[in-house]
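File shown: protein.pdb (PDB, C-alpha atoms and all ligand atoms).
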```pdb
ATOM      1  CA  MET Q   1       0.000   0.000   0.000
ATOM      2  CA  SER Q   2       1.318   3.457  -0.850
ATOM      3  CA  GLY Q   3       1.062   6.726   1.038
ATOM      4  CA  LYS Q   4      -1.747   8.149   3.105
ATOM      5  CA  ILE Q   5      -2.020  11.754   1.938
ATOM      6  CA  THR Q   6      -2.979  13.680  -1.173
ATOM      7  CA  LEU Q   7      -3.351  17.377  -1.940
ATOM      8  CA  THR Q   8      -6.504  18.618  -3.607
ATOM      9  CA  MET Q   9      -7.647  21.962  -4.976
ATOM     10  CA  ILE Q  10     -11.282  22.671  -5.749
ATOM     11  CA  LYS Q  11     -10.632  24.793  -8.838
ATOM     12  CA  PRO Q  12     -12.056  28.250  -9.658
ATOM     13  CA  ASP Q  13     -14.868  26.924 -11.888
ATOM     14  CA  ALA Q  14     -16.265  24.666  -9.174
ATOM     15  CA  VAL Q  15     -15.952  27.360  -6.479
ATOM     16  CA  GLN Q  16     -17.650  29.922  -8.770
ATOM     17  CA  ASN Q  17     -20.434  27.459  -9.627
ATOM     18  CA  GLY Q  18     -21.245  26.788  -5.957
ATOM     19  CA  HIS Q  19     -19.985  23.201  -5.779
ATOM     20  CA  ILE Q  20     -17.673  23.423  -2.712
ATOM     21  CA  GLY Q  21     -20.177  21.814  -0.345
ATOM     22  CA  ASN Q  22     -21.163  18.957  -2.652
ATOM     23  CA  ILE Q  23     -17.550  18.181  -3.546
ATOM     24  CA  LEU Q  24     -16.455  18.126   0.107
ATOM     25  CA  ALA Q  25     -19.394  15.807   0.845
ATOM     26  CA  ASP Q  26     -18.266  13.432  -1.929
ATOM     27  CA  ILE Q  27     -14.707  13.521  -0.547
ATOM     28  CA  THR Q  28     -15.655  12.798   3.065
ATOM     29  CA  ASN Q  29     -18.303  10.214   2.069
ATOM     30  CA  ALA Q  30     -15.523   8.385   0.199
ATOM     31  CA  GLY Q  31     -13.619   8.047   3.476
ATOM     32  CA  PHE Q  32     -11.058  10.833   3.209
ATOM     33  CA  LYS Q  33     -10.213  12.812   6.345
ATOM     34  CA  ILE Q  34      -9.508  16.534   5.977
ATOM     35  CA  LYS Q  35      -6.126  17.291   7.586
ATOM     36  CA  ALA Q  36      -5.829  20.925   6.382
ATOM     37  CA  MET Q  37      -8.077  23.240   4.365
ATOM     38  CA  LYS Q  38      -8.312  26.850   3.191
ATOM     39  CA  LEU Q  39     -10.063  29.166   0.730
ATOM     40  CA  THR Q  40      -7.352  31.067  -1.117
ATOM     41  CA  GLN Q  41      -6.450  32.585  -4.473
ATOM     42  CA  LEU Q  42      -3.255  31.777  -6.354
ATOM     43  CA  SER Q  43      -1.044  34.557  -7.721
ATOM     44  CA  ARG Q  44       0.333  34.129 -11.246
ATOM     45  CA  ARG Q  45       3.706  33.231  -9.746
ATOM     46  CA  ASP Q  46       2.090  30.639  -7.453
ATOM     47  CA  ALA Q  47       0.278  28.982 -10.351
ATOM     48  CA  GLU Q  48       3.369  28.980 -12.563
ATOM     49  CA  LEU Q  49       5.344  27.327  -9.743
ATOM     50  CA  PHE Q  50       2.643  24.806  -8.863
ATOM     51  CA  TYR Q  51       2.296  23.705 -12.510
ATOM     52  CA  ALA Q  52       5.992  24.153 -13.475
ATOM     53  CA  VAL Q  53       6.085  20.511 -14.627
ATOM     54  CA  HIS Q  54       3.644  21.498 -17.429
ATOM     55  CA  LYS Q  55       5.454  24.654 -18.574
ATOM     56  CA  GLU Q  56       6.364  23.246 -21.996
ATOM     57  CA  ARG Q  57       2.818  22.006 -22.662
ATOM     58  CA  PRO Q  58       0.698  24.009 -25.145
ATOM     59  CA  PHE Q  59      -2.052  24.575 -22.569
ATOM     60  CA  PHE Q  60       0.250  26.006 -19.854
ATOM     61  CA  GLY Q  61      -0.800  29.660 -20.357
ATOM     62  CA  GLU Q  62      -4.484  28.747 -20.415
ATOM     63  CA  LEU Q  63      -4.047  26.615 -17.288
ATOM     64  CA  VAL Q  64      -2.296  29.395 -15.341
ATOM     65  CA  ASP Q  65      -4.871  32.028 -16.427
ATOM     66  CA  PHE Q  66      -7.686  29.708 -15.356
ATOM     67  CA  MET Q  67      -6.145  28.760 -11.998
ATOM     68  CA  ILE Q  68      -5.730  32.421 -10.966
ATOM     69  CA  SER Q  69      -9.188  33.485 -12.215
ATOM     70  CA  GLY Q  70     -10.870  33.142  -8.799
ATOM     71  CA  PRO Q  71     -10.597  31.572  -5.368
ATOM     72  CA  ILE Q  72      -9.850  27.886  -4.844
ATOM     73  CA  VAL Q  73     -10.151  25.540  -1.875
ATOM     74  CA  ALA Q  74      -6.874  23.771  -1.081
ATOM     75  CA  ALA Q  75      -6.908  20.758   1.239
ATOM     76  CA  VAL Q  76      -4.696  17.958   2.497
ATOM     77  CA  LEU Q  77      -6.614  14.673   2.616
ATOM     78  CA  GLU Q  78      -5.791  11.414   4.360
ATOM     79  CA  LYS Q  79      -6.779   7.858   3.464
ATOM     80  CA  ASP Q  80      -4.879   4.618   2.868
ATOM     81  CA  ASN Q  81      -3.647   4.492  -0.740
ATOM     82  CA  ALA Q  82      -4.684   8.157  -1.020
ATOM     83  CA  ILE Q  83      -3.276   9.001  -4.460
ATOM     84  CA  GLU Q  84      -4.962   6.177  -6.353
ATOM     85  CA  GLU Q  85      -8.196   6.284  -4.355
ATOM     86  CA  PHE Q  86      -8.545  10.033  -4.864
ATOM     87  CA  ARG Q  87      -7.780   9.927  -8.577
ATOM     88  CA  ASN Q  88     -10.471   7.252  -8.905
ATOM     89  CA  LEU Q  89     -12.894   9.541  -7.047
ATOM     90  CA  ILE Q  90     -12.203  12.584  -9.247
ATOM     91  CA  GLY Q  91     -12.133  10.777 -12.621
ATOM     92  CA  ALA Q  92     -10.297  11.403 -15.884
ATOM     93  CA  THR Q  93      -8.712  14.790 -16.697
ATOM     94  CA  ASN Q  94     -11.237  15.320 -19.508
ATOM     95  CA  PRO Q  95     -14.711  15.318 -17.898
ATOM     96  CA  GLN Q  96     -16.173  13.872 -21.114
ATOM     97  CA  GLU Q  97     -14.073  10.762 -20.412
ATOM     98  CA  ALA Q  98     -14.656  10.728 -16.643
ATOM     99  CA  ALA Q  99     -16.577   7.750 -15.247
ATOM    100  CA  GLU Q 100     -20.173   8.149 -14.092
ATOM    101  CA  GLY Q 101     -20.402   9.464 -10.533
ATOM    102  CA  THR Q 102     -16.882  10.904 -10.412
ATOM    103  CA  ILE Q 103     -16.403  14.492  -9.261
ATOM    104  CA  ARG Q 104     -15.205  15.692 -12.672
ATOM    105  CA  GLN Q 105     -18.084  13.948 -14.445
ATOM    106  CA  LYS Q 106     -20.553  15.658 -12.109
ATOM    107  CA  TYR Q 107     -19.058  19.125 -11.693
ATOM    108  CA  ALA Q 108     -16.416  19.940 -14.344
ATOM    109  CA  GLU Q 109     -16.998  22.252 -17.307
ATOM    110  CA  SER Q 110     -14.142  21.309 -19.653
ATOM    111  CA  ILE Q 111     -10.689  19.698 -19.844
ATOM    112  CA  ALA Q 112      -9.165  22.967 -18.539
ATOM    113  CA  ALA Q 113     -11.899  23.950 -16.082
ATOM    114  CA  ASN Q 114     -12.126  20.453 -14.657
ATOM    115  CA  ALA Q 115     -13.304  21.232 -11.117
ATOM    116  CA  ILE Q 116     -10.616  19.587  -9.019
ATOM    117  CA  HIS Q 117      -6.948  18.685  -8.681
ATOM    118  CA  GLY Q 118      -5.471  15.546  -7.144
ATOM    119  CA  SER Q 119      -1.756  14.855  -6.642
ATOM    120  CA  ASP Q 120      -0.306  12.243  -9.005
ATOM    121  CA  SER Q 121       2.318  10.669  -6.699
ATOM    122  CA  ASP Q 122       3.220  10.364  -3.017
ATOM    123  CA  GLU Q 123       6.253  12.563  -3.610
ATOM    124  CA  ASN Q 124       4.194  15.291  -5.292
ATOM    125  CA  ALA Q 125       1.547  15.113  -2.562
ATOM    126  CA  GLU Q 126       4.211  16.071   0.004
ATOM    127  CA  ILE Q 127       5.573  18.863  -2.215
ATOM    128  CA  GLU Q 128       2.077  20.224  -2.981
ATOM    129  CA  ALA Q 129       0.945  20.034   0.665
ATOM    130  CA  ALA Q 130       4.030  22.044   1.668
ATOM    131  CA  PHE Q 131       3.276  24.515  -1.147
ATOM    132  CA  HIS Q 132      -0.104  25.400   0.394
ATOM    133  CA  PHE Q 133       0.322  24.725   4.129
ATOM    134  CA  SER Q 134       2.888  25.109   6.883
ATOM    135  CA  THR Q 135       3.341  22.082   9.166
ATOM    136  CA  ARG Q 136       1.371  23.953  11.893
ATOM    137  CA  GLU Q 137      -1.668  24.085   9.567
ATOM    138  CA  VAL Q 138      -1.814  20.315   8.979
ATOM    139  CA  TYR Q 139      -3.686  18.487  11.750
TER     140      TYR Q 139
HETATM  141  P1  LIG Q 201      -4.601  15.818 -13.994
HETATM  142  O1  LIG Q 201      -5.028  17.122 -13.314
HETATM  143  O2  LIG Q 201      -5.788  14.934 -14.286
HETATM  144  O3  LIG Q 201      -3.483  15.118 -13.267
HETATM  145  P2  LIG Q 201      -2.651  16.780 -15.968
HETATM  146  O4  LIG Q 201      -2.367  16.128 -17.273
HETATM  147  O5  LIG Q 201      -1.616  16.715 -14.889
HETATM  148  O6  LIG Q 201      -4.060  16.221 -15.460
HETATM  149  O7  LIG Q 201      -2.958  18.310 -16.294
HETATM  150  C1  LIG Q 201      -3.023  19.280 -15.273
HETATM  151  C2  LIG Q 201      -4.197  20.195 -15.538
HETATM  152  O8  LIG Q 201      -3.975  20.911 -16.766
HETATM  153  C3  LIG Q 201      -5.542  19.487 -15.766
HETATM  154  O9  LIG Q 201      -6.193  19.130 -14.574
HETATM  155  C4  LIG Q 201      -6.313  20.531 -16.546
HETATM  156  O10 LIG Q 201      -6.825  21.562 -15.695
HETATM  157  C5  LIG Q 201      -5.213  21.140 -17.414
HETATM  158  N1  LIG Q 201      -5.161  20.505 -18.742
HETATM  159  C6  LIG Q 201      -4.734  19.252 -19.043
HETATM  160  N2  LIG Q 201      -4.814  19.010 -20.356
HETATM  161  C7  LIG Q 201      -5.332  20.137 -20.912
HETATM  162  C8  LIG Q 201      -5.643  20.512 -22.269
HETATM  163  O11 LIG Q 201      -5.477  19.736 -23.230
HETATM  164  N3  LIG Q 201      -6.148  21.776 -22.441
HETATM  165  C9  LIG Q 201      -6.321  22.654 -21.399
HETATM  166  N4  LIG Q 201      -6.035  22.332 -20.136
HETATM  167  C10 LIG Q 201      -5.537  21.099 -19.878
END
```
Written as structure tokens, how would this file's structure read?
Ligand code: IDP
Amino acid sequence: MSGKITLTMIKPDAVQNGHIGNILADITNAGFKIKAMKLTQLSRRDAELFYAVHKERPFFGELVDFMISGPIVAAVLEKDNAIEEFRNLIGATNPQEAAEGTIRQKYAESIAANAIHGSDSDENAEIEAAFHFSTREVY
């Protein structure tokens, strides 16, 4: 079994469309514990740093513009096998390909405005949690 934490962001589209409550309910009903959480807004520099791994991709500019377009909810979540379990809960990157009942299938608008982020590895979960939260803010 791999690690116990993942980092999520409820993205600006889902916050703007009033889905915070429903998404948090899906997350906790799936057995994740919230270890840290905040409503915040990324600066351009924050978003460029967070998504630096994608900086050569053609959609990088669109992704950064979208991620800074409004507030987000960042959270550290805990569950056994957190990365895989959470990526199963949120569904495929493109909501048109996301399985029935997944968060992206239910709440996302498009492949860019796709409602929610989930870390893709244990190592990145630690890096992304530290990006958003100090150790004192993780319970
Ligand atoms: P993931 O979030 O499902 O792990 P990644 O491939 O890591 O998907 O892409 C990061 C984010 O970049 C996606 O969640 C989405 O917001 C955005 N993105 C991915 N592919 C595209 C695209 O083809 N056009 C626009 N935005 C994209």
Hits of the PyMOL selection byres (((chain Q and resi 62) around 12) and not hetatm) in this structure, as number ranges by chain: Q: 44, 47-48, 51, 54-55, 57-61, 63-69, 111-113
Produce the centre coordinates and the three edge lengths, each in Å to one decimal, of the box along x, y and z that contains all listed atoms of ligand LIG 201 (chain Q) with 4 Å added on each side, as AutoDock Vina command-line options.
```
--center_x -4.2 --center_y 18.8 --center_z -18.2 --size_x 13.2 --size_y 15.7 --size_z 18.0
```
Test item: which residues lie within 7 Å of (-8.6, 15.1, 2.4) counting only C-alpha atoms, as a list in words: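 With a cut-off of 7 Å, the residues come to Thr6, Ile27, Phe32, Lys33, Ile34, Lys35, Ala75, Val76, Leu77 and Glu78 of chain Q.
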Would you mind exporting C-alpha atoms of the selected residues as a PDB file, in the frame of the given file?
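Ended up saving to part-v1.pdb:
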```
ATOM      1  CA  THR Q   6      -2.979  13.680  -1.173  1.00  0.00           C
ATOM      2  CA  ILE Q  27     -14.707  13.521  -0.547  1.00  0.00           C
ATOM      3  CA  PHE Q  32     -11.058  10.833   3.209  1.00  0.00           C
ATOM      4  CA  LYS Q  33     -10.213  12.812   6.345  1.00  0.00           C
ATOM      5  CA  ILE Q  34      -9.508  16.534   5.977  1.00  0.00           C
ATOM      6  CA  LYS Q  35      -6.126  17.291   7.586  1.00  0.00           C
ATOM      7  CA  ALA Q  75      -6.908  20.758   1.239  1.00  0.00           C
ATOM      8  CA  VAL Q  76      -4.696  17.958   2.497  1.00  0.00           C
ATOM      9  CA  LEU Q  77      -6.614  14.673   2.616  1.00  0.00           C
ATOM     10  CA  GLU Q  78      -5.791  11.414   4.360  1.00  0.00           C
TER      11      GLU Q  78
END
```
Polymer residues at most 12 Å from stretch 106-109 of chain Q, all atoms listed in the file, same-chain spacing of 5 or more positions, as a PyMOL selection string: chain Q and resi 10-23+26+89-101+114-117
The PyMOL selection byres (((chain Q and resi 122-125) around 7) and not hetatm) resolved against shown file, as a list in words: Gly3, Ile5, Thr6, Leu7, Ile83, Ser119, Asp120, Ser121, Glu126, Ile127, Glu128 and Ala129 of chain Q
Straight-line distance linking atom CA of Q:Phe133 with atom CA of Q:Ala30, stated in Å to one decimal: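 These atoms are spaced 23.1 Å apart.
Every protein or nucleic acid residue with an atom no more than 6 Å from Q:Lys4, counting only C-alpha atoms and leaving out same-chain residues fewer than 3 positions away, appears here: Q:Glu78, Q:Lys79, Q:Asp80, Q:Asn81, Q:Ala82.
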Output of the PyMOL selection byres (((chain Q and resi 37) around 6) and not hetatm), listed as a list in words: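 For this structure, the PyMOL selection byres (((chain Q and resi 37) around 6) and not hetatm) captures Ala36, Lys38, Ala74 and Ala75 of chain Q.
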Two-atom distance - atom CA of Q:Asn88, atom O1 of ligand LIG 201 (chain Q) (Å):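 Going from atom CA of Q:Asn88 over to atom O1 of ligand LIG 201 (chain Q), I get 12.1 Å.
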Distance criterion (all atoms listed in the file): nearest to ligand LIG 201 (chain Q) out of Q:Met9, Q:Thr28, Q:Pro71, Q:Thr135: Q:Met9
Nearest to ligand LIG 201 (chain Q) by atom-to-atom distance, counting all atoms listed in the file, from Q:Ala25, Q:Arg87, Q:Tyr139, Q:His132: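 The closest residue to ligand LIG 201 (chain Q) is Q:Arg87.
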Your completed stretch 7-41 of chain Q with N, CA and C atoms, as a CSV table (one decimal), in the coordinates of the input:
```csv
chain,number,residue,atom,x,y,z
Q,7,LEU,N,-3.0,15.9,-2.0
Q,7,LEU,CA,-3.4,17.4,-1.9
Q,7,LEU,C,-4.4,17.6,-3.0
Q,8,THR,N,-5.5,18.3,-2.6
Q,8,THR,CA,-6.5,18.6,-3.6
Q,8,THR,C,-6.7,20.1,-3.7
Q,9,MET,N,-7.1,20.6,-4.8
Q,9,MET,CA,-7.6,22.0,-5.0
Q,9,MET,C,-9.0,21.9,-5.7
Q,10,ILE,N,-10.0,22.5,-5.0
Q,10,ILE,CA,-11.3,22.7,-5.7
Q,10,ILE,C,-11.0,23.9,-6.6
Q,11,LYS,N,-11.1,23.8,-7.9
Q,11,LYS,CA,-10.6,24.8,-8.8
Q,11,LYS,C,-11.6,25.9,-9.0
Q,12,PRO,N,-11.2,27.1,-9.6
Q,12,PRO,CA,-12.1,28.2,-9.7
Q,12,PRO,C,-13.4,28.0,-10.3
Q,13,ASP,N,-13.5,27.2,-11.3
Q,13,ASP,CA,-14.9,26.9,-11.9
Q,13,ASP,C,-15.8,26.3,-10.9
Q,14,ALA,N,-15.4,25.3,-10.1
Q,14,ALA,CA,-16.3,24.7,-9.2
Q,14,ALA,C,-16.6,25.6,-8.0
Q,15,VAL,N,-15.7,26.4,-7.6
Q,15,VAL,CA,-16.0,27.4,-6.5
Q,15,VAL,C,-17.0,28.4,-7.0
Q,16,GLN,N,-16.7,28.9,-8.2
Q,16,GLN,CA,-17.6,29.9,-8.8
Q,16,GLN,C,-19.1,29.4,-9.0
Q,17,ASN,N,-19.1,28.1,-9.3
Q,17,ASN,CA,-20.4,27.5,-9.6
Q,17,ASN,C,-21.1,26.9,-8.4
Q,18,GLY,N,-20.6,27.1,-7.2
Q,18,GLY,CA,-21.2,26.8,-6.0
Q,18,GLY,C,-21.2,25.3,-5.6
Q,19,HIS,N,-20.1,24.6,-6.0
Q,19,HIS,CA,-20.0,23.2,-5.8
Q,19,HIS,C,-19.1,22.8,-4.6
Q,20,ILE,N,-18.6,23.8,-3.8
Q,20,ILE,CA,-17.7,23.4,-2.7
Q,20,ILE,C,-18.3,22.4,-1.8
Q,21,GLY,N,-19.5,22.7,-1.3
Q,21,GLY,CA,-20.2,21.8,-0.3
Q,21,GLY,C,-20.4,20.4,-0.9
Q,22,ASN,N,-20.9,20.3,-2.1
Q,22,ASN,CA,-21.2,19.0,-2.7
Q,22,ASN,C,-19.9,18.2,-2.9
Q,23,ILE,N,-18.8,18.9,-3.3
Q,23,ILE,CA,-17.6,18.2,-3.5
Q,23,ILE,C,-16.9,17.7,-2.2
Q,24,LEU,N,-17.0,18.6,-1.2
Q,24,LEU,CA,-16.5,18.1,0.1
Q,24,LEU,C,-17.3,16.9,0.7
Q,25,ALA,N,-18.6,16.9,0.4
Q,25,ALA,CA,-19.4,15.8,0.8
Q,25,ALA,C,-19.0,14.5,0.1
Q,26,ASP,N,-18.7,14.6,-1.2
Q,26,ASP,CA,-18.3,13.4,-1.9
Q,26,ASP,C,-16.9,12.9,-1.4
Q,27,ILE,N,-16.0,13.9,-1.0
Q,27,ILE,CA,-14.7,13.5,-0.5
Q,27,ILE,C,-14.8,12.8,0.8
Q,28,THR,N,-15.6,13.4,1.7
Q,28,THR,CA,-15.7,12.8,3.1
Q,28,THR,C,-16.5,11.5,3.0
Q,29,ASN,N,-17.5,11.5,2.2
Q,29,ASN,CA,-18.3,10.2,2.1
Q,29,ASN,C,-17.5,9.1,1.5
Q,30,ALA,N,-16.4,9.4,0.8
Q,30,ALA,CA,-15.5,8.4,0.2
Q,30,ALA,C,-14.5,8.0,1.2
Q,31,GLY,N,-14.5,8.5,2.4
Q,31,GLY,CA,-13.6,8.0,3.5
Q,31,GLY,C,-12.4,8.8,3.7
Q,32,PHE,N,-12.2,10.0,3.0
Q,32,PHE,CA,-11.1,10.8,3.2
Q,32,PHE,C,-11.3,11.7,4.4
Q,33,LYS,N,-10.2,11.9,5.2
Q,33,LYS,CA,-10.2,12.8,6.3
Q,33,LYS,C,-9.5,14.1,5.9
Q,34,ILE,N,-10.1,15.2,6.3
Q,34,ILE,CA,-9.5,16.5,6.0
Q,34,ILE,C,-8.5,16.9,7.1
Q,35,LYS,N,-7.2,17.0,6.6
Q,35,LYS,CA,-6.1,17.3,7.6
Q,35,LYS,C,-5.8,18.8,7.6
Q,36,ALA,N,-6.1,19.5,6.5
Q,36,ALA,CA,-5.8,20.9,6.4
Q,36,ALA,C,-6.7,21.4,5.3
Q,37,MET,N,-7.2,22.7,5.4
Q,37,MET,CA,-8.1,23.2,4.4
Q,37,MET,C,-8.1,24.8,4.4
Q,38,LYS,N,-8.1,25.4,3.2
Q,38,LYS,CA,-8.3,26.8,3.2
Q,38,LYS,C,-8.9,27.3,1.9
Q,39,LEU,N,-9.6,28.4,1.9
Q,39,LEU,CA,-10.1,29.2,0.7
Q,39,LEU,C,-9.0,30.2,0.4
Q,40,THR,N,-8.5,30.2,-0.8
Q,40,THR,CA,-7.4,31.1,-1.1
Q,40,THR,C,-7.4,31.4,-2.6
Q,41,GLN,N,-6.6,32.3,-3.0
Q,41,GLN,CA,-6.4,32.6,-4.5
Q,41,GLN,C,-5.0,32.6,-4.9
```
